[in-house]
Amino acid sequence: MTDVAMSTAPIPLIAISIVNWNTAASTLRCLQSLQAISYTNYRVVVIDNASQDNSVACIRGAHPELTIVPSRENLGFAAGHELGYRQALDWGATAMWLLNSDTEVDADALTQLVAAWQQHGDAVYGAAPLHKSIDGTLLLNFPAKYLDPTGMPRAFQYDAQIEFTSQWQQRNPMCVGAVAGSCVLLPLSVVRAHGWMDPAWFLYCEEIDYCYRLRRLQVPSFLVPGAQVWHRGGGSHRDSPAVEDCIHYYRSRNEIVLALRHTGRWTAALIAAKKCARGLYAGVRRPQRGQHILRGVRDALNGRMGKTLAPEAGFDNGALAGRNKHAITTLLDWLRRFALRKIRVNHVQLAYNPRHTIFIRHYYLYCVDLFRRRLTVENAPLNVVFGDYAVNFRNGEHQLRIDIQHEHTLVKPGGRDCAGAKVGRVGIAGTAEHYLVRVERYDYLTTLDSVIEYSMANIANLASNGEFENYLRKTVCIAPLLYSFNAGVSKGREGMITLFADVGQPRRAQFLQDAWAAQLALRNVKRVFGLERLRQLYRATRIMVNVHQTDHHHTFEELRVLPALLCGVLVVSEDVPLKQHIPYARFIIWSSFENLVSTTQSVFDNYDQHWRRIFGDPQLAVVLQQMQQDNIDAVDAAVKRMLNVAPA
């Protein structure tokens, strides 16, 4: 990457501005793609919005010649790129190319954008952001509602996916209502004449508002299909539910404000009603998300803009959870209590939510049942709450609180979600570095009487740091044995599956692309959560392939793998650290990421042989039976410990 003009030819100097926030890996991929562009007269500036993942050092180490402008705080999209605008003025650039950090550009993308500018004059020019569907179809990652050059916000409009066919690729630049901010060419003459984007939006809708404002001033927006950019989306909040919950606030607030500014009160009122319904629904399953959506509605109607919630506080759930205790929170607490179920077991009252978070619901219910069975032998009066729920039993008895820690604990330095994580003693293969120990919602979990971990490998990683002794004393490991072991017969099974909820994750997307390129008969199945539906899926499946969620999260996903093994599915998994702590590790087929496709194909070609080796081994049933007993013993020990520390 060069930070100087690559040519002295009399063509416009373009300043390429990339805003980075905890996305060092994505930003480096974006910078790598820029090295191959055909346009020659450009300079690059990276704005770092106060990242907490050592981004500046990572990027500077890879590109020491690059101009990096670190901000002391997270300024958001518009104000972040405004720092790039100031740098562009210092360089004497004539236009800016605004890129999201999670984009990778085609070699001719900037050339096509500049050609469109020279043809149509001053305007806003958007590249065509692309992505692939699960089946490999090339899609235009562009809201259909923006294609109408006179379009405005609407309350109810379905954005159908647009297949990016060869006809699309041959289209000339087309006038549209607005362009997506992930890849925008903005002539600086437009900014000098009409000002910059409004930073009060902080996140989302700022470029749409800007396009609408400019349109009133006779400055059009153009989509340039020949300028193609791959946009992964969600890079800054992928794998961080707390940050994603915070971002839902800005989506809720800003879509209503956009309608208020450009369409009117009735459209805004309908959007607000839709957001309220969504917030209440989300609040039962994800209380923090529902709270943020409803707060976004309130702030939009009160005209409150700016950075009202800090996404960086999402790295500390307690910081967000302790805020905003108002009528919305009270309503959500009431809805959550309405969903709770209370049962009496002898003298013990136990409260739990049968509609707990969907993707771990059945593991949650399995754990509740184990504790319920153990508590039947207790005669002492006691209240037990299972999960992050406020419950008033109105009996004055002592209350115990139990919840599940289901997130990855094993993360690499510099990766996503590593802010605040402590260094462990588990070595990273091929390096002198060690994995970090990440515990999401740590401050909350330490207030509990017992914390459930699903994996002994997680616990071994926690123990490797030496600073989690108090936390580990509260920890109980419960393996996700959701089904009775029944491998059944191999006949009648067909197919290979993955269960990736987000196929945009770079590592998983790469695996799927490689698998389909090798004509592997594999399909990805999404959003199958019900216990019986999952069982039916597993019983119809020969092979399940497990791949790390990202390049940086290396915890073994036992919540997905073990139930499949119980149903007789051969599991081919990317290799993991701490295998020695997984009791059934020898019944998994391990592979490096590079060999995963060929290993999967080999297992499929020799299915009967592999099936007999694993499910014909009598030791598998012995191991699983011992794990079930270990679960019972662990719950027994946890209950005894909690009762010993409870006040008499």
# chains A, B, ... in the order shown; residues from 1 in each chain; ligands from 1
$ residues_around --residues "stretch 469-472 of chain A" --least-positions-apart "4" --cutoff "12 Å" --atoms "only C-alpha atoms" --output "PyMOL selection string"
chain A and resi 405+439+442-453+456+458-465+476-477+638
$ write_last_selection --atoms "C-alpha atoms" --output "compact mmCIF listing (two decimals), in the first residue's frame"
# COMPACT_ATOMS: atom_id res chain seq x y z
CA GLN A 405 -22.22 -18.62 30.30
CA VAL A 439 -15.81 -14.00 29.75
CA TYR A 442 -18.29 -11.11 33.69
CA ASP A 443 -19.49 -8.44 36.14
CA TYR A 444 -23.02 -9.87 36.01
CA LEU A 445 -21.90 -13.50 36.26
CA THR A 446 -19.85 -12.82 39.40
CA THR A 447 -23.04 -11.73 41.20
CA LEU A 448 -24.61 -15.19 40.73
CA ASP A 449 -24.60 -18.12 43.10
CA SER A 450 -23.78 -20.59 40.30
CA VAL A 451 -22.60 -20.17 36.71
CA ILE A 452 -23.11 -22.99 34.21
CA GLU A 453 -20.39 -23.67 31.63
CA MET A 456 -14.59 -28.56 30.35
CA ASN A 458 -13.79 -23.56 28.64
CA ILE A 459 -13.10 -24.21 32.31
CA ALA A 460 -9.53 -25.32 31.58
CA ASN A 461 -8.95 -22.08 29.68
CA LEU A 462 -10.35 -20.04 32.57
CA ALA A 463 -8.14 -21.91 35.02
CA SER A 464 -5.07 -21.24 32.87
CA ASN A 465 -5.09 -17.54 33.72
CA VAL A 476 -20.66 -25.96 37.31
CA CYS A 477 -19.95 -27.76 34.03
CA ALA A 638 -23.29 -27.06 43.13
$ select_by_dssp --residues "stretch 50-121 of chain A" --states "strand (DSSP E)" --output "list in words"
Thr67, Ile68, Val69, Pro70, Ala95, Met96, Trp97, Leu98, Leu99, Asn100, Thr103, Glu104 and Val105 of chain A
$ write_last_selection --atoms "all heavy atoms" --output "mmCIF file, in the first residue's frame"
data_model
loop_
_atom_site.group_PDB
_atom_site.id
_atom_site.type_symbol
_atom_site.label_atom_id
_atom_site.label_comp_id
_atom_site.auth_asym_id
_atom_site.auth_seq_id
_atom_site.Cartn_x
_atom_site.Cartn_y
_atom_site.Cartn_z
ATOM 1 N N THR A 67 -1.167 6.646 6.204
ATOM 2 C CA THR A 67 -1.635 7.715 7.086
ATOM 3 C C THR A 67 -2.778 7.181 7.947
ATOM 4 O O THR A 67 -3.814 6.769 7.424
ATOM 5 C CB THR A 67 -2.123 8.929 6.278
ATOM 6 O OG1 THR A 67 -1.038 9.469 5.538
ATOM 7 C CG2 THR A 67 -2.690 10.000 7.197
ATOM 8 N N ILE A 68 -2.571 7.167 9.250
ATOM 9 C CA ILE A 68 -3.595 6.726 10.186
ATOM 10 C C ILE A 68 -3.909 7.889 11.120
ATOM 11 O O ILE A 68 -3.011 8.478 11.717
ATOM 12 C CB ILE A 68 -3.132 5.502 10.999
ATOM 13 C CG1 ILE A 68 -2.774 4.343 10.062
ATOM 14 C CG2 ILE A 68 -4.212 5.072 11.990
ATOM 15 C CD1 ILE A 68 -2.218 3.128 10.778
ATOM 16 N N VAL A 69 -5.188 8.219 11.236
ATOM 17 C CA VAL A 69 -5.626 9.303 12.106
ATOM 18 C C VAL A 69 -6.393 8.686 13.272
ATOM 19 O O VAL A 69 -7.550 8.279 13.115
ATOM 20 C CB VAL A 69 -6.517 10.312 11.360
ATOM 21 C CG1 VAL A 69 -6.971 11.419 12.309
ATOM 22 C CG2 VAL A 69 -5.771 10.899 10.165
ATOM 23 N N PRO A 70 -5.778 8.566 14.442
ATOM 24 C CA PRO A 70 -6.491 7.989 15.601
ATOM 25 C C PRO A 70 -7.376 9.037 16.264
ATOM 26 O O PRO A 70 -6.958 10.177 16.483
ATOM 27 C CB PRO A 70 -5.357 7.541 16.520
ATOM 28 C CG PRO A 70 -4.206 8.411 16.162
ATOM 29 C CD PRO A 70 -4.374 8.847 14.732
ATOM 30 N N ALA A 95 -11.770 14.593 -4.729
ATOM 31 C CA ALA A 95 -12.919 13.776 -4.341
ATOM 32 C C ALA A 95 -12.476 12.798 -3.265
ATOM 33 O O ALA A 95 -11.285 12.534 -3.077
ATOM 34 C CB ALA A 95 -13.494 13.034 -5.539
ATOM 35 N N MET A 96 -13.461 12.263 -2.542
ATOM 36 C CA MET A 96 -13.214 11.246 -1.521
ATOM 37 C C MET A 96 -13.955 9.973 -1.898
ATOM 38 O O MET A 96 -15.083 10.020 -2.394
ATOM 39 C CB MET A 96 -13.725 11.700 -0.148
ATOM 40 C CG MET A 96 -12.931 12.778 0.520
ATOM 41 S SD MET A 96 -13.672 13.144 2.148
ATOM 42 C CE MET A 96 -13.354 11.608 3.025
ATOM 43 N N TRP A 97 -13.311 8.849 -1.613
ATOM 44 C CA TRP A 97 -14.001 7.560 -1.729
ATOM 45 C C TRP A 97 -14.144 7.019 -0.321
ATOM 46 O O TRP A 97 -13.177 6.640 0.322
ATOM 47 C CB TRP A 97 -13.192 6.597 -2.599
ATOM 48 C CG TRP A 97 -13.974 5.384 -3.032
ATOM 49 C CD1 TRP A 97 -15.321 5.207 -3.008
ATOM 50 C CD2 TRP A 97 -13.421 4.166 -3.563
ATOM 51 N NE1 TRP A 97 -15.664 3.974 -3.494
ATOM 52 C CE2 TRP A 97 -14.523 3.306 -3.839
ATOM 53 C CE3 TRP A 97 -12.141 3.715 -3.835
ATOM 54 C CZ2 TRP A 97 -14.355 2.034 -4.368
ATOM 55 C CZ3 TRP A 97 -11.962 2.447 -4.359
ATOM 56 C CH2 TRP A 97 -13.057 1.620 -4.636
ATOM 57 N N LEU A 98 -15.366 7.018 0.181
ATOM 58 C CA LEU A 98 -15.659 6.537 1.526
ATOM 59 C C LEU A 98 -15.903 5.030 1.463
ATOM 60 O O LEU A 98 -16.781 4.567 0.728
ATOM 61 C CB LEU A 98 -16.904 7.228 2.084
ATOM 62 C CG LEU A 98 -16.753 8.628 2.678
ATOM 63 C CD1 LEU A 98 -16.139 9.604 1.686
ATOM 64 C CD2 LEU A 98 -18.124 9.154 3.128
ATOM 65 N N LEU A 99 -15.117 4.281 2.243
ATOM 66 C CA LEU A 99 -15.256 2.822 2.262
ATOM 67 C C LEU A 99 -15.482 2.328 3.684
ATOM 68 O O LEU A 99 -14.833 2.799 4.620
ATOM 69 C CB LEU A 99 -13.992 2.146 1.708
ATOM 70 C CG LEU A 99 -13.720 2.253 0.216
ATOM 71 C CD1 LEU A 99 -12.380 1.588 -0.116
ATOM 72 C CD2 LEU A 99 -14.831 1.602 -0.594
ATOM 73 N N ASN A 100 -16.390 1.370 3.823
ATOM 74 C CA ASN A 100 -16.490 0.655 5.088
ATOM 75 C C ASN A 100 -15.282 -0.259 5.242
ATOM 76 O O ASN A 100 -14.738 -0.772 4.262
ATOM 77 C CB ASN A 100 -17.769 -0.187 5.132
ATOM 78 C CG ASN A 100 -18.974 0.614 5.576
ATOM 79 O OD1 ASN A 100 -18.958 1.840 5.557
ATOM 80 N ND2 ASN A 100 -20.026 -0.082 5.967
ATOM 81 N N THR A 103 -15.307 -3.908 3.539
ATOM 82 C CA THR A 103 -15.471 -4.021 2.091
ATOM 83 C C THR A 103 -14.157 -4.469 1.458
ATOM 84 O O THR A 103 -13.074 -4.230 2.005
ATOM 85 C CB THR A 103 -15.895 -2.682 1.455
ATOM 86 O OG1 THR A 103 -14.921 -1.676 1.791
ATOM 87 C CG2 THR A 103 -17.262 -2.255 1.935
ATOM 88 N N GLU A 104 -14.270 -5.099 0.315
ATOM 89 C CA GLU A 104 -13.123 -5.425 -0.533
ATOM 90 C C GLU A 104 -13.499 -5.009 -1.946
ATOM 91 O O GLU A 104 -14.572 -5.373 -2.441
ATOM 92 C CB GLU A 104 -12.801 -6.919 -0.454
ATOM 93 C CG GLU A 104 -12.331 -7.349 0.923
ATOM 94 C CD GLU A 104 -12.097 -8.843 1.033
ATOM 95 O OE1 GLU A 104 -11.534 -9.426 0.082
ATOM 96 O OE2 GLU A 104 -12.495 -9.433 2.056
ATOM 97 N N VAL A 105 -12.620 -4.266 -2.601
ATOM 98 C CA VAL A 105 -12.990 -3.575 -3.831
ATOM 99 C C VAL A 105 -12.484 -4.317 -5.059
ATOM 100 O O VAL A 105 -11.425 -4.952 -5.039
ATOM 101 C CB VAL A 105 -12.461 -2.122 -3.830
ATOM 102 C CG1 VAL A 105 -12.910 -1.394 -2.572
ATOM 103 C CG2 VAL A 105 -10.940 -2.080 -3.941
#
$ closest_residue --among "A:Val545, A:Ala517, A:Val423, A:Leu365" --to "A:Leu482" --atoms "only C-alpha atoms"
A:Leu365
$ residues_around --residues "stretch 305-307 of chain A" --least-positions-apart "2" --cutoff "10 Å" --atoms "only C-alpha atoms" --output "list in words"
Asn74, Leu75, Gly76, Asp198, Pro199, Ala200, Trp201, Phe202, Leu203, Tyr250, Arg253, Asn254, Val257, Gly296, Asp299, Ala300, Asn302, Gly303, Leu309, Ala310 and Pro311 of chain A
$ closest_residue --among "A:Gly495, A:Pro225, A:Gly126, A:Gly84" --to "A:Leu140" --atoms "only C-alpha atoms"
A:Pro225
$ closest_atom_pairs --of "stretch 495-577 of chain A" --to "stretch 604-611 of chain A" --cutoff "8 Å" --atoms "only C-alpha atoms" --output "tab-separated table"
residue	atom	partner	partner_atom	distance
A:Arg542	CA	A:Tyr607	CA	7.9
A:Ile543	CA	A:Phe604	CA	7.4
A:Leu570	CA	A:Trp611	CA	6.8
$ decode --residues "stretch 504-526 of chain A" --atoms "N, CA, C and O atoms" --output "compact mmCIF listing (two decimals), in the first residue's frame"
# COMPACT_ATOMS: atom_id res chain seq x y z
N GLY A 504 -21.97 -15.01 6.49
CA GLY A 504 -21.09 -13.92 6.11
C GLY A 504 -19.79 -13.90 6.89
O GLY A 504 -18.87 -13.16 6.54
N GLN A 505 -19.72 -14.70 7.98
CA GLN A 505 -18.47 -14.78 8.72
C GLN A 505 -17.36 -15.24 7.76
O GLN A 505 -17.51 -16.27 7.10
N PRO A 506 -16.26 -14.48 7.66
CA PRO A 506 -15.27 -14.76 6.61
C PRO A 506 -14.79 -16.20 6.58
O PRO A 506 -14.68 -16.80 5.51
N ARG A 507 -14.50 -16.79 7.73
CA ARG A 507 -13.96 -18.15 7.76
C ARG A 507 -15.00 -19.15 7.24
O ARG A 507 -14.69 -20.06 6.47
N ARG A 508 -16.22 -19.00 7.69
CA ARG A 508 -17.27 -19.91 7.27
C ARG A 508 -17.67 -19.66 5.81
O ARG A 508 -17.96 -20.61 5.08
N ALA A 509 -17.69 -18.41 5.41
CA ALA A 509 -17.98 -18.12 4.01
C ALA A 509 -16.93 -18.74 3.10
O ALA A 509 -17.25 -19.29 2.03
N GLN A 510 -15.66 -18.67 3.53
CA GLN A 510 -14.59 -19.25 2.73
C GLN A 510 -14.74 -20.76 2.63
O GLN A 510 -14.56 -21.36 1.56
N PHE A 511 -15.10 -21.40 3.75
CA PHE A 511 -15.29 -22.85 3.72
C PHE A 511 -16.42 -23.23 2.76
O PHE A 511 -16.28 -24.17 1.97
N LEU A 512 -17.54 -22.52 2.84
CA LEU A 512 -18.67 -22.84 1.96
C LEU A 512 -18.29 -22.64 0.49
O LEU A 512 -18.64 -23.46 -0.37
N GLN A 513 -17.58 -21.56 0.20
CA GLN A 513 -17.15 -21.32 -1.18
C GLN A 513 -16.24 -22.45 -1.66
O GLN A 513 -16.40 -22.95 -2.78
N ASP A 514 -15.30 -22.85 -0.81
CA ASP A 514 -14.38 -23.93 -1.20
C ASP A 514 -15.13 -25.25 -1.36
O ASP A 514 -14.84 -26.04 -2.28
N ALA A 515 -16.10 -25.50 -0.47
CA ALA A 515 -16.85 -26.76 -0.54
C ALA A 515 -17.67 -26.83 -1.82
O ALA A 515 -17.71 -27.87 -2.49
N TRP A 516 -18.33 -25.73 -2.16
CA TRP A 516 -19.17 -25.74 -3.37
C TRP A 516 -18.30 -25.75 -4.63
O TRP A 516 -18.67 -26.35 -5.64
N ALA A 517 -17.15 -25.08 -4.56
CA ALA A 517 -16.24 -25.12 -5.71
C ALA A 517 -15.75 -26.54 -5.96
O ALA A 517 -15.51 -26.94 -7.10
N ALA A 518 -15.60 -27.32 -4.88
CA ALA A 518 -15.19 -28.72 -5.00
C ALA A 518 -16.37 -29.65 -5.25
O ALA A 518 -16.21 -30.86 -5.24
N GLN A 519 -17.56 -29.04 -5.45
CA GLN A 519 -18.80 -29.78 -5.72
C GLN A 519 -19.14 -30.75 -4.59
O GLN A 519 -19.65 -31.86 -4.81
N LEU A 520 -18.87 -30.31 -3.38
CA LEU A 520 -19.25 -31.08 -2.21
C LEU A 520 -20.76 -30.97 -2.03
O LEU A 520 -21.31 -29.87 -2.06
N ALA A 521 -21.43 -32.08 -1.83
CA ALA A 521 -22.89 -32.09 -1.70
C ALA A 521 -23.28 -31.67 -0.29
O ALA A 521 -23.77 -32.46 0.52
N LEU A 522 -23.06 -30.40 0.00
CA LEU A 522 -23.23 -29.88 1.35
C LEU A 522 -24.21 -28.71 1.32
O LEU A 522 -24.18 -27.89 0.41
N ARG A 523 -25.06 -28.62 2.33
CA ARG A 523 -25.97 -27.47 2.43
C ARG A 523 -25.89 -26.88 3.83
O ARG A 523 -25.61 -27.59 4.80
N ASN A 524 -26.10 -25.58 3.89
CA ASN A 524 -26.13 -24.91 5.18
C ASN A 524 -27.58 -24.77 5.63
O ASN A 524 -28.45 -24.36 4.87
N VAL A 525 -27.84 -25.14 6.86
CA VAL A 525 -29.19 -25.08 7.42
C VAL A 525 -29.22 -24.01 8.50
O VAL A 525 -28.40 -24.02 9.43
N LYS A 526 -30.16 -23.07 8.38
CA LYS A 526 -30.25 -21.97 9.34
C LYS A 526 -31.55 -22.04 10.12
O LYS A 526 -32.56 -22.55 9.64
